[in-house]
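K.L.:
Pasting model-v1.txt below, which is compact mmCIF, C-alpha atoms.
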# COMPACT_ATOMS: atom_id res chain seq x y z
CA MET I 1 -2.98 -23.94 30.97
CA LYS I 2 -1.40 -23.45 27.55
CA ILE I 3 -3.43 -23.37 24.34
CA VAL I 4 -2.18 -26.79 23.21
CA GLU I 5 -2.97 -28.27 26.62
CA ARG I 6 -6.47 -26.79 26.49
CA ILE I 7 -7.08 -28.34 23.08
CA VAL I 8 -6.16 -31.77 24.42
CA HIS I 9 -8.11 -31.32 27.66
CA VAL I 10 -11.35 -30.05 26.08
CA THR I 11 -11.28 -32.52 23.18
CA ARG I 12 -10.68 -35.50 25.45
CA ARG I 13 -13.58 -34.42 27.63
CA ARG I 14 -15.95 -34.41 24.66
CA ILE I 15 -14.74 -37.09 22.29
CA GLY I 16 -16.10 -40.09 24.19
CA GLY I 17 -15.15 -43.55 22.96
CA LEU I 18 -14.65 -42.75 19.27
CA ARG I 19 -11.89 -44.74 17.61
CA VAL I 20 -9.49 -43.98 14.80
CA ASP I 21 -10.22 -45.49 11.40
CA LYS I 22 -7.25 -44.28 9.34
CA VAL I 23 -4.12 -42.13 9.62
CA VAL I 24 -2.15 -40.72 6.69
CA VAL I 25 1.12 -38.87 7.28
CA GLY I 26 1.73 -37.12 3.97
CA GLN I 27 4.60 -34.97 2.85
CA ARG I 28 2.67 -31.72 3.36
CA PHE I 29 -0.30 -32.63 5.53
CA THR I 30 -1.34 -35.29 8.01
CA ALA I 31 -4.93 -36.56 7.99
CA VAL I 32 -6.86 -38.59 10.54
CA ARG I 33 -10.27 -40.18 9.94
CA LEU I 34 -12.41 -41.24 12.88
CA GLU I 35 -14.84 -44.16 12.83
CA ASP I 36 -17.77 -41.75 12.39
CA GLY I 37 -16.23 -40.53 9.11
CA SER I 38 -14.96 -37.19 10.43
CA VAL I 39 -11.60 -36.17 8.96
CA GLY I 40 -9.14 -33.68 10.42
CA LEU I 41 -5.95 -32.15 9.09
CA SER I 42 -2.64 -30.86 10.35
CA PHE I 43 0.46 -29.52 8.69
CA SER I 44 3.10 -32.28 8.61
CA LEU I 45 5.97 -31.00 10.69
CA GLY I 46 9.46 -31.76 9.43
CA GLY I 47 11.67 -34.11 11.38
CA ARG I 48 12.07 -37.78 11.99
CA GLY I 49 10.92 -40.12 14.67
CA CYS I 50 7.63 -41.06 16.24
CA SER I 51 6.63 -42.82 19.42
CA PHE I 52 4.25 -45.25 17.74
CA GLU I 53 4.80 -48.33 15.64
CA PRO I 54 3.64 -47.63 12.07
CA GLY I 55 0.54 -49.66 11.36
CA SER I 56 -0.64 -49.62 14.97
CA LEU I 57 -2.85 -46.53 15.05
CA ARG I 58 -6.02 -47.83 13.44
CA GLY I 59 -8.49 -48.88 16.12
CA MET I 60 -6.91 -46.79 18.87
CA THR I 61 -9.19 -44.49 20.81
CA ALA I 62 -9.22 -40.94 19.51
CA LYS I 63 -8.89 -39.80 23.12
CA GLU I 64 -5.47 -41.44 23.28
CA LEU I 65 -4.35 -40.15 19.89
CA VAL I 66 -5.31 -36.55 20.73
CA GLY I 67 -2.71 -36.73 23.50
CA TYR I 68 0.00 -37.12 20.86
CA LEU I 69 -0.29 -33.36 20.35
CA LEU I 70 1.69 -32.96 23.59
CA SER I 71 4.54 -35.15 22.33
CA PRO I 72 7.96 -33.65 21.47
CA SER I 73 7.95 -35.79 18.31
CA PRO I 74 6.93 -33.74 15.23
CA VAL I 75 5.13 -36.71 13.65
CA ASP I 76 3.23 -37.47 16.85
CA SER I 77 2.25 -33.83 17.26
CA SER I 78 0.85 -33.60 13.73
CA VAL I 79 -1.17 -36.78 14.26
CA GLY I 80 -2.51 -35.46 17.56
CA LEU I 81 -3.64 -32.14 16.08
CA ALA I 82 -5.25 -33.83 13.07
CA THR I 83 -7.19 -36.07 15.47
CA ALA I 84 -8.42 -33.11 17.50
CA ASN I 85 -9.41 -31.31 14.31
CA ALA I 86 -11.28 -34.35 13.02
CA PHE I 87 -13.59 -34.14 16.01
CA ASN I 88 -13.84 -30.40 16.64
CA ASN I 89 -13.84 -28.94 13.13
CA ALA I 90 -16.57 -31.30 11.94
CA ARG I 91 -18.84 -30.04 14.70
CA VAL I 92 -18.13 -26.31 14.67
CA GLU I 93 -20.97 -23.92 13.82
CA GLY I 94 -19.08 -21.15 12.07
CA THR I 95 -19.38 -18.98 8.99
CA THR I 96 -18.55 -21.05 5.93
CA GLY I 97 -17.05 -19.85 2.68
CA ARG I 98 -15.70 -16.59 4.11
CA ASP I 99 -12.06 -15.68 4.29
CA ALA I 100 -10.29 -14.64 7.50
CA LEU I 101 -9.81 -11.11 6.18
CA ASP I 102 -13.58 -10.72 5.95
CA LEU I 103 -13.73 -10.83 9.75
CA VAL I 104 -11.07 -8.26 10.62
CA GLU I 105 -10.68 -4.59 9.83
CA VAL I 106 -7.41 -3.32 8.39
CA SER I 107 -6.85 0.43 8.34
CA LYS I 108 -4.29 2.62 6.61
CA SER I 109 -2.66 3.30 9.99
CA ASP I 110 -2.06 -0.39 10.79
CA PHE I 111 1.17 -2.32 10.85
CA VAL I 112 0.36 -5.94 10.00
CA ALA I 113 2.61 -8.97 10.35
CA THR I 114 2.13 -12.52 9.13
CA ILE I 115 4.13 -15.51 10.24
CA GLY I 116 4.23 -17.42 7.00
CA PHE I 117 3.83 -16.10 3.46
CA PHE I 118 0.27 -16.25 2.16
CA PRO I 119 0.17 -14.77 -1.37
CA PRO I 120 -3.56 -13.83 -1.43
CA TYR I 121 -3.46 -12.28 2.06
CA SER I 122 -0.12 -10.60 1.47
CA ARG I 123 -1.25 -8.75 -1.65
CA VAL I 124 -4.39 -7.43 0.06
CA LEU I 125 -2.65 -6.50 3.31
CA LYS I 126 0.15 -4.68 1.56
CA GLU I 127 -2.44 -2.47 -0.14
CA ARG I 128 -4.63 -1.86 2.93
CA ALA I 129 -2.08 -1.36 5.71
CA LYS I 130 0.47 1.33 6.43
CA GLY I 131 3.15 -1.28 7.05
CA PHE I 132 3.34 -4.98 6.31
CA ALA I 133 5.96 -7.58 7.19
CA VAL I 134 6.27 -11.28 6.42
CA LEU I 135 8.17 -13.65 8.68
CA ASP I 136 9.15 -16.74 6.71
CA ASP I 137 12.39 -18.60 6.09
CA ARG I 138 11.13 -20.31 2.95
CA GLU I 139 11.72 -18.57 -0.36
CA VAL I 140 9.36 -20.82 -2.27
CA HIS I 141 7.45 -18.02 -3.96
CA SER I 142 9.13 -15.68 -6.43
CA GLU I 143 6.54 -13.10 -5.40
CA VAL I 144 7.96 -12.99 -1.87
CA LYS I 145 10.80 -10.78 -3.09
CA SER I 146 8.40 -7.86 -3.46
CA PHE I 147 7.60 -7.92 0.27
CA GLU I 148 9.49 -7.00 3.42
CA VAL I 149 10.56 -10.44 4.63
CA TYR I 150 12.23 -11.42 7.90
CA PRO I 151 13.29 -14.83 9.25
CA TRP I 152 10.59 -16.37 11.45
CA TRP I 153 12.75 -16.23 14.58
CA SER I 154 12.76 -12.41 14.42
CA PHE I 155 9.16 -12.46 15.69
CA THR I 156 10.40 -11.24 19.09
CA SER I 157 11.15 -7.85 17.54
CA ILE I 158 8.45 -7.70 14.83
CA VAL I 159 5.35 -9.14 16.52
CA PRO I 160 5.24 -6.64 19.44
CA LYS I 161 4.87 -3.82 16.88
CA ALA I 162 1.93 -5.36 15.03
CA ASP I 163 -1.60 -3.97 15.23
CA LEU I 164 -2.82 -7.16 13.56
CA LEU I 165 -1.03 -10.51 13.53
CA ILE I 166 -1.86 -13.47 11.28
CA ILE I 167 -0.40 -16.89 12.05
CA THR I 168 -1.10 -20.42 10.84
CA GLY I 169 -2.54 -23.39 12.65
CA SER I 170 0.82 -25.10 12.25
CA SER I 171 1.94 -22.95 15.19
CA VAL I 172 -0.29 -25.19 17.30
CA ALA I 173 1.32 -28.36 15.98
CA ASN I 174 4.85 -27.07 16.63
CA LYS I 175 3.77 -25.56 19.98
CA THR I 176 4.99 -22.03 19.25
CA VAL I 177 1.50 -20.53 19.39
CA ASP I 178 1.60 -19.47 23.04
CA THR I 179 5.01 -17.84 22.71
CA ILE I 180 4.04 -15.98 19.55
CA VAL I 181 0.69 -14.77 20.89
CA SER I 182 2.30 -13.63 24.15
CA HIS I 183 4.52 -11.25 22.15
CA ALA I 184 1.52 -9.65 20.37
CA LYS I 185 1.14 -7.07 23.13
CA LYS I 186 0.02 -4.21 20.88
CA ALA I 187 -2.20 -6.26 18.58
CA ARG I 188 -5.95 -5.73 18.79
CA ALA I 189 -6.35 -9.17 17.21
CA VAL I 190 -4.47 -12.32 16.31
CA VAL I 191 -5.88 -14.43 13.48
CA VAL I 192 -5.14 -18.16 13.29
CA THR I 193 -5.71 -19.48 9.79
CA GLY I 194 -5.20 -22.49 7.53
CA PRO I 195 -6.34 -26.14 7.43
CA SER I 196 -4.42 -26.95 10.64
CA THR I 197 -6.41 -24.43 12.68
CA PRO I 198 -8.34 -26.04 15.55
CA MET I 199 -11.86 -24.63 15.54
CA LEU I 200 -12.15 -24.76 19.31
CA PRO I 201 -12.90 -21.33 20.82
CA GLU I 202 -12.46 -22.53 24.41
CA ALA I 203 -8.77 -23.19 23.80
CA PHE I 204 -8.11 -19.53 22.96
CA LYS I 205 -10.22 -17.90 25.66
CA GLY I 206 -8.44 -15.02 27.38
CA THR I 207 -5.82 -14.61 24.63
CA LYS I 208 -5.34 -12.08 21.82
CA VAL I 209 -6.68 -14.63 19.32
CA LYS I 210 -9.94 -13.14 18.01
CA VAL I 211 -10.49 -15.03 14.74
CA LEU I 212 -10.18 -18.72 13.90
CA ALA I 213 -10.24 -19.47 10.18
CA GLY I 214 -9.82 -23.16 9.51
CA ALA I 215 -11.15 -25.96 7.36
CA LYS I 216 -14.16 -28.24 7.57
CA VAL I 217 -13.71 -31.43 5.55
CA ARG I 218 -16.73 -32.05 3.32
CA ASP I 219 -15.40 -34.99 1.29
CA GLY I 220 -13.35 -37.22 3.56
CA GLU I 221 -12.28 -39.67 0.87
CA ARG I 222 -11.02 -36.88 -1.35
CA ALA I 223 -9.21 -35.19 1.53
CA MET I 224 -7.40 -38.41 2.47
CA ARG I 225 -6.42 -38.97 -1.15
CA VAL I 226 -5.09 -35.42 -1.55
CA VAL I 227 -2.94 -35.87 1.56
CA GLU I 228 -1.71 -39.28 0.37
CA GLU I 229 -0.65 -37.70 -2.91
CA SER I 230 1.27 -34.81 -1.26
CA GLY I 231 -1.37 -32.18 -1.96
CA GLY I 232 -1.28 -28.76 -0.35
CA THR I 233 -3.76 -26.20 0.92
CA ALA I 234 -5.05 -25.16 -2.50
CA ASP I 235 -5.60 -28.80 -3.47
CA LEU I 236 -7.61 -29.46 -0.31
CA TYR I 237 -9.90 -26.52 -0.99
CA ARG I 238 -10.71 -27.89 -4.46
CA GLY I 239 -13.67 -29.97 -3.36
CA ALA I 240 -12.39 -31.73 -0.24
CA CYS I 241 -12.70 -28.89 2.27
CA GLU I 242 -14.43 -25.59 2.75
CA LYS I 243 -13.30 -22.59 4.75
CA VAL I 244 -14.97 -22.02 8.08
CA SER I 245 -14.38 -19.05 10.35
CA LEU I 246 -15.31 -17.86 13.82
CA ARG I 247 -15.00 -14.48 15.47
CA LEU I 248 -14.22 -14.99 19.16
Would you write out, as structure tokens, the structure that this file holds?

P.N.:
Amino acid sequence: MKIVERIVHVTRRRIGGLRVDKVVVGQRFTAVRLEDGSVGLSFSLGGRGCSFEPGSLRGMTAKELVGYLLSPSPVDSSVGLATANAFNNARVEGTTGRDALDLVEVSKSDFVATIGFFPPYSRVLKERAKGFAVLDDREVHSEVKSFEVYPWWSFTSIVPKADLLIITGSSVANKTVDTIVSHAKKARAVVVTGPSTPMLPEAFKGTKVKVLAGAKVRDGERAMRVVEESGGTADLYRGACEKVSLRL
């Protein structure tokens, strides 16, 4: 069973009859609030089209909405992951306030790769590791020019060389996570990080994923408002969410 399928299977088994209270599909993130007040997040995947009629999701069972994660529609998939995260991340017992890099060792002999450009991580990793590569098609940061950057699709040649691999939870939403992790043959650990990360250890059992570093929503109203107003990761961590991490 693939990681995405495990997330759906395990969440559906546990979520009971909870219903969905509100769904917001923002420009950068998607947020889902359940009737118990739990809020979950997912990166909003680009692309058009969804299988549902807008305005119809409120009142649906969360069990049904979690299944949207398996849909080929990018909008559906984001909604499905946010629903799973609303349930699982609110209930996780992890270490709060610590960064993903606090849970992994990086030595001077390591080659580290990240899929996605994370300025704080990138600066630290470039200093600590022997080699460091970023896989990202977006040149949205002027700082990215000071790093060794490859297009994301070159992961088939870069990832197998990595001693440590860091990817984002959006790889779950776009269903590339299994393919990427399967190429990390040399890596002693894969870290999944960011607000989209599903804090569900069972889904990653038996894989190279050793650290989950996601978000637990502390202020649901603020989180929904940030998403509605096109806020990003940094905006969410200013009062709406806190970092939570697990070593698997």

K.L.:
For each of I:Val104, I:Leu65, I:Val149, I:Val177, take the minimum atom-to-atom distance to Arg247 (chain I), counting all atoms listed in the file, then give the residue where this is smallest.

P.N.:
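Closest to Arg247 (chain I) of all the choices is I:Val104.
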
K.L.:
Report as an mmCIF file with C-alpha atoms, in the coordinates of the input all protein, DNA and RNA residues lying within 12 Å of region 216-223 of chain I, evaluated on all atoms listed in the file, omitting residues in the same chain fewer than 6 positions from it.

P.N.:
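File part_33.cif, as written:
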data_model
loop_
_atom_site.group_PDB
_atom_site.id
_atom_site.type_symbol
_atom_site.label_atom_id
_atom_site.label_comp_id
_atom_site.auth_asym_id
_atom_site.auth_seq_id
_atom_site.Cartn_x
_atom_site.Cartn_y
_atom_site.Cartn_z
ATOM 1 C CA ASP I 21 -10.220 -45.490 11.400
ATOM 2 C CA LYS I 22 -7.250 -44.280 9.340
ATOM 3 C CA VAL I 23 -4.120 -42.130 9.620
ATOM 4 C CA VAL I 24 -2.150 -40.720 6.690
ATOM 5 C CA GLY I 26 1.730 -37.120 3.970
ATOM 6 C CA PHE I 29 -0.300 -32.630 5.530
ATOM 7 C CA THR I 30 -1.340 -35.290 8.010
ATOM 8 C CA ALA I 31 -4.930 -36.560 7.990
ATOM 9 C CA VAL I 32 -6.860 -38.590 10.540
ATOM 10 C CA ARG I 33 -10.270 -40.180 9.940
ATOM 11 C CA LEU I 34 -12.410 -41.240 12.880
ATOM 12 C CA GLU I 35 -14.840 -44.160 12.830
ATOM 13 C CA ASP I 36 -17.770 -41.750 12.390
ATOM 14 C CA GLY I 37 -16.230 -40.530 9.110
ATOM 15 C CA SER I 38 -14.960 -37.190 10.430
ATOM 16 C CA VAL I 39 -11.600 -36.170 8.960
ATOM 17 C CA GLY I 40 -9.140 -33.680 10.420
ATOM 18 C CA LEU I 41 -5.950 -32.150 9.090
ATOM 19 C CA SER I 42 -2.640 -30.860 10.350
ATOM 20 C CA ALA I 82 -5.250 -33.830 13.070
ATOM 21 C CA ASN I 85 -9.410 -31.310 14.310
ATOM 22 C CA ALA I 86 -11.280 -34.350 13.020
ATOM 23 C CA PHE I 87 -13.590 -34.140 16.010
ATOM 24 C CA ASN I 88 -13.840 -30.400 16.640
ATOM 25 C CA ASN I 89 -13.840 -28.940 13.130
ATOM 26 C CA ALA I 90 -16.570 -31.300 11.940
ATOM 27 C CA ARG I 91 -18.840 -30.040 14.700
ATOM 28 C CA VAL I 92 -18.130 -26.310 14.670
ATOM 29 C CA GLU I 93 -20.970 -23.920 13.820
ATOM 30 C CA GLY I 94 -19.080 -21.150 12.070
ATOM 31 C CA THR I 95 -19.380 -18.980 8.990
ATOM 32 C CA THR I 96 -18.550 -21.050 5.930
ATOM 33 C CA GLY I 97 -17.050 -19.850 2.680
ATOM 34 C CA GLY I 194 -5.200 -22.490 7.530
ATOM 35 C CA PRO I 195 -6.340 -26.140 7.430
ATOM 36 C CA SER I 196 -4.420 -26.950 10.640
ATOM 37 C CA THR I 197 -6.410 -24.430 12.680
ATOM 38 C CA PRO I 198 -8.340 -26.040 15.550
ATOM 39 C CA MET I 199 -11.860 -24.630 15.540
ATOM 40 C CA GLU I 229 -0.650 -37.700 -2.910
ATOM 41 C CA SER I 230 1.270 -34.810 -1.260
ATOM 42 C CA GLY I 231 -1.370 -32.180 -1.960
ATOM 43 C CA GLY I 232 -1.280 -28.760 -0.350
ATOM 44 C CA THR I 233 -3.760 -26.200 0.920
ATOM 45 C CA ALA I 234 -5.050 -25.160 -2.500
ATOM 46 C CA ASP I 235 -5.600 -28.800 -3.470
ATOM 47 C CA LEU I 236 -7.610 -29.460 -0.310
ATOM 48 C CA TYR I 237 -9.900 -26.520 -0.990
ATOM 49 C CA ARG I 238 -10.710 -27.890 -4.460
ATOM 50 C CA GLY I 239 -13.670 -29.970 -3.360
ATOM 51 C CA ALA I 240 -12.390 -31.730 -0.240
ATOM 52 C CA CYS I 241 -12.700 -28.890 2.270
ATOM 53 C CA GLU I 242 -14.430 -25.590 2.750
ATOM 54 C CA LYS I 243 -13.300 -22.590 4.750
ATOM 55 C CA VAL I 244 -14.970 -22.020 8.080
ATOM 56 C CA SER I 245 -14.380 -19.050 10.350
#

K.L.:
Could you work out how far CA of Leu165 (chain I) lies from CA of His183 (chain I), giving the answer in Å with one decimal?

P.N.:
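Between these atoms lies a distance of 10.3 Å.
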
K.L.:
Please return as number ranges by chain every residue within 8 Å of (-5.8, -16.0, 10.6), taking into account all atoms listed in the file and the file's own coordinates.

P.N.:
I: 100-101, 165-168, 190-194, 211-213

K.L.:
Using all atoms listed in the file, determine which residues lie at most 10 Å from Lys108 (chain I), disregarding the query and same-chain residues fewer than 2 positions distant; provide the list as a VMD selection string.

P.N.:
chain I and resid 106 110 to 111 125 to 131

K.L.:
Which protein, DNA or RNA residues have an atom at most 6 Å from (-8.6, -16.0, 19.2), counting all atoms listed in the file? List them as a list of chain:residue names.

P.N.:
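I get I:Phe204, I:Lys208, I:Val209, I:Lys210, I:Val211, I:Leu248 for the residues within 6 Å of that point.
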
K.L.:
Show me, as an mmCIF file with C-alpha atoms, in the frame of the given file, the residues that have an atom within 12 Å of His9 (chain I) when counting only C-alpha atoms, minus same-chain residues fewer than 6 positions from it.

P.N.:
data_model
loop_
_atom_site.group_PDB
_atom_site.id
_atom_site.type_symbol
_atom_site.label_atom_id
_atom_site.label_comp_id
_atom_site.auth_asym_id
_atom_site.auth_seq_id
_atom_site.Cartn_x
_atom_site.Cartn_y
_atom_site.Cartn_z
ATOM 1 C CA MET I 1 -2.980 -23.940 30.970
ATOM 2 C CA LYS I 2 -1.400 -23.450 27.550
ATOM 3 C CA ILE I 3 -3.430 -23.370 24.340
ATOM 4 C CA ILE I 15 -14.740 -37.090 22.290
ATOM 5 C CA LYS I 63 -8.890 -39.800 23.120
ATOM 6 C CA GLU I 64 -5.470 -41.440 23.280
ATOM 7 C CA VAL I 66 -5.310 -36.550 20.730
ATOM 8 C CA GLY I 67 -2.710 -36.730 23.500
ATOM 9 C CA LEU I 69 -0.290 -33.360 20.350
ATOM 10 C CA LEU I 70 1.690 -32.960 23.590
ATOM 11 C CA ALA I 84 -8.420 -33.110 17.500
ATOM 12 C CA LEU I 200 -12.150 -24.760 19.310
ATOM 13 C CA GLU I 202 -12.460 -22.530 24.410
ATOM 14 C CA ALA I 203 -8.770 -23.190 23.800
#

K.L.:
Figure out the distance between CA of Arg6 (chain I) and CA of Tyr68 (chain I), please, to one decimal in Å.

P.N.:
13.4 Å

K.L.:
When distances are computed from all atoms listed in the file, which of I:Val159, I:Val75, I:Leu81, I:Met60 shows the smallest separation from Gly47 (chain I)?

P.N.:
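Checking each of I:Val159, I:Val75, I:Leu81, I:Met60 against Gly47 (chain I), counting all atoms listed in the file, the winner is I:Val75.
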
K.L.:
Please report the interatomic distance between CA of Ser170 (chain I) and CA of Leu45 (chain I) in Å with one decimal.

P.N.:
8.0 Å

K.L.:
When you count all atoms listed in the file, which of these residues is closest to Asp102 (chain I): I:Leu246, I:Val25, I:Val10, I:Leu18?

P.N.:
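Using all atoms listed in the file, the shortest distance to Asp102 (chain I) belongs to I:Leu246.
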
K.L.:
Between I:Gly116, I:Gly80, I:Pro160, I:Pro54, which residue has the minimum interatomic distance to Thr11 (chain I), considering all atoms listed in the file?

P.N.:
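Closest to Thr11 (chain I), using all atoms listed in the file: I:Gly80.
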
K.L.:
Quick one: of I:Gln27, I:Ser122, I:Ser157, I:Ser44, who's nearest to Val172 (chain I), counting all atoms listed in the file?

P.N.:
I:Ser44

K.L.:
Which is closest to Ser107 (chain I) among I:Leu164, I:Ala133, I:Val79, I:Ala173, if we use all atoms listed in the file?

P.N.:
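Counting all atoms listed in the file, the residue closest to Ser107 (chain I) is I:Leu164.
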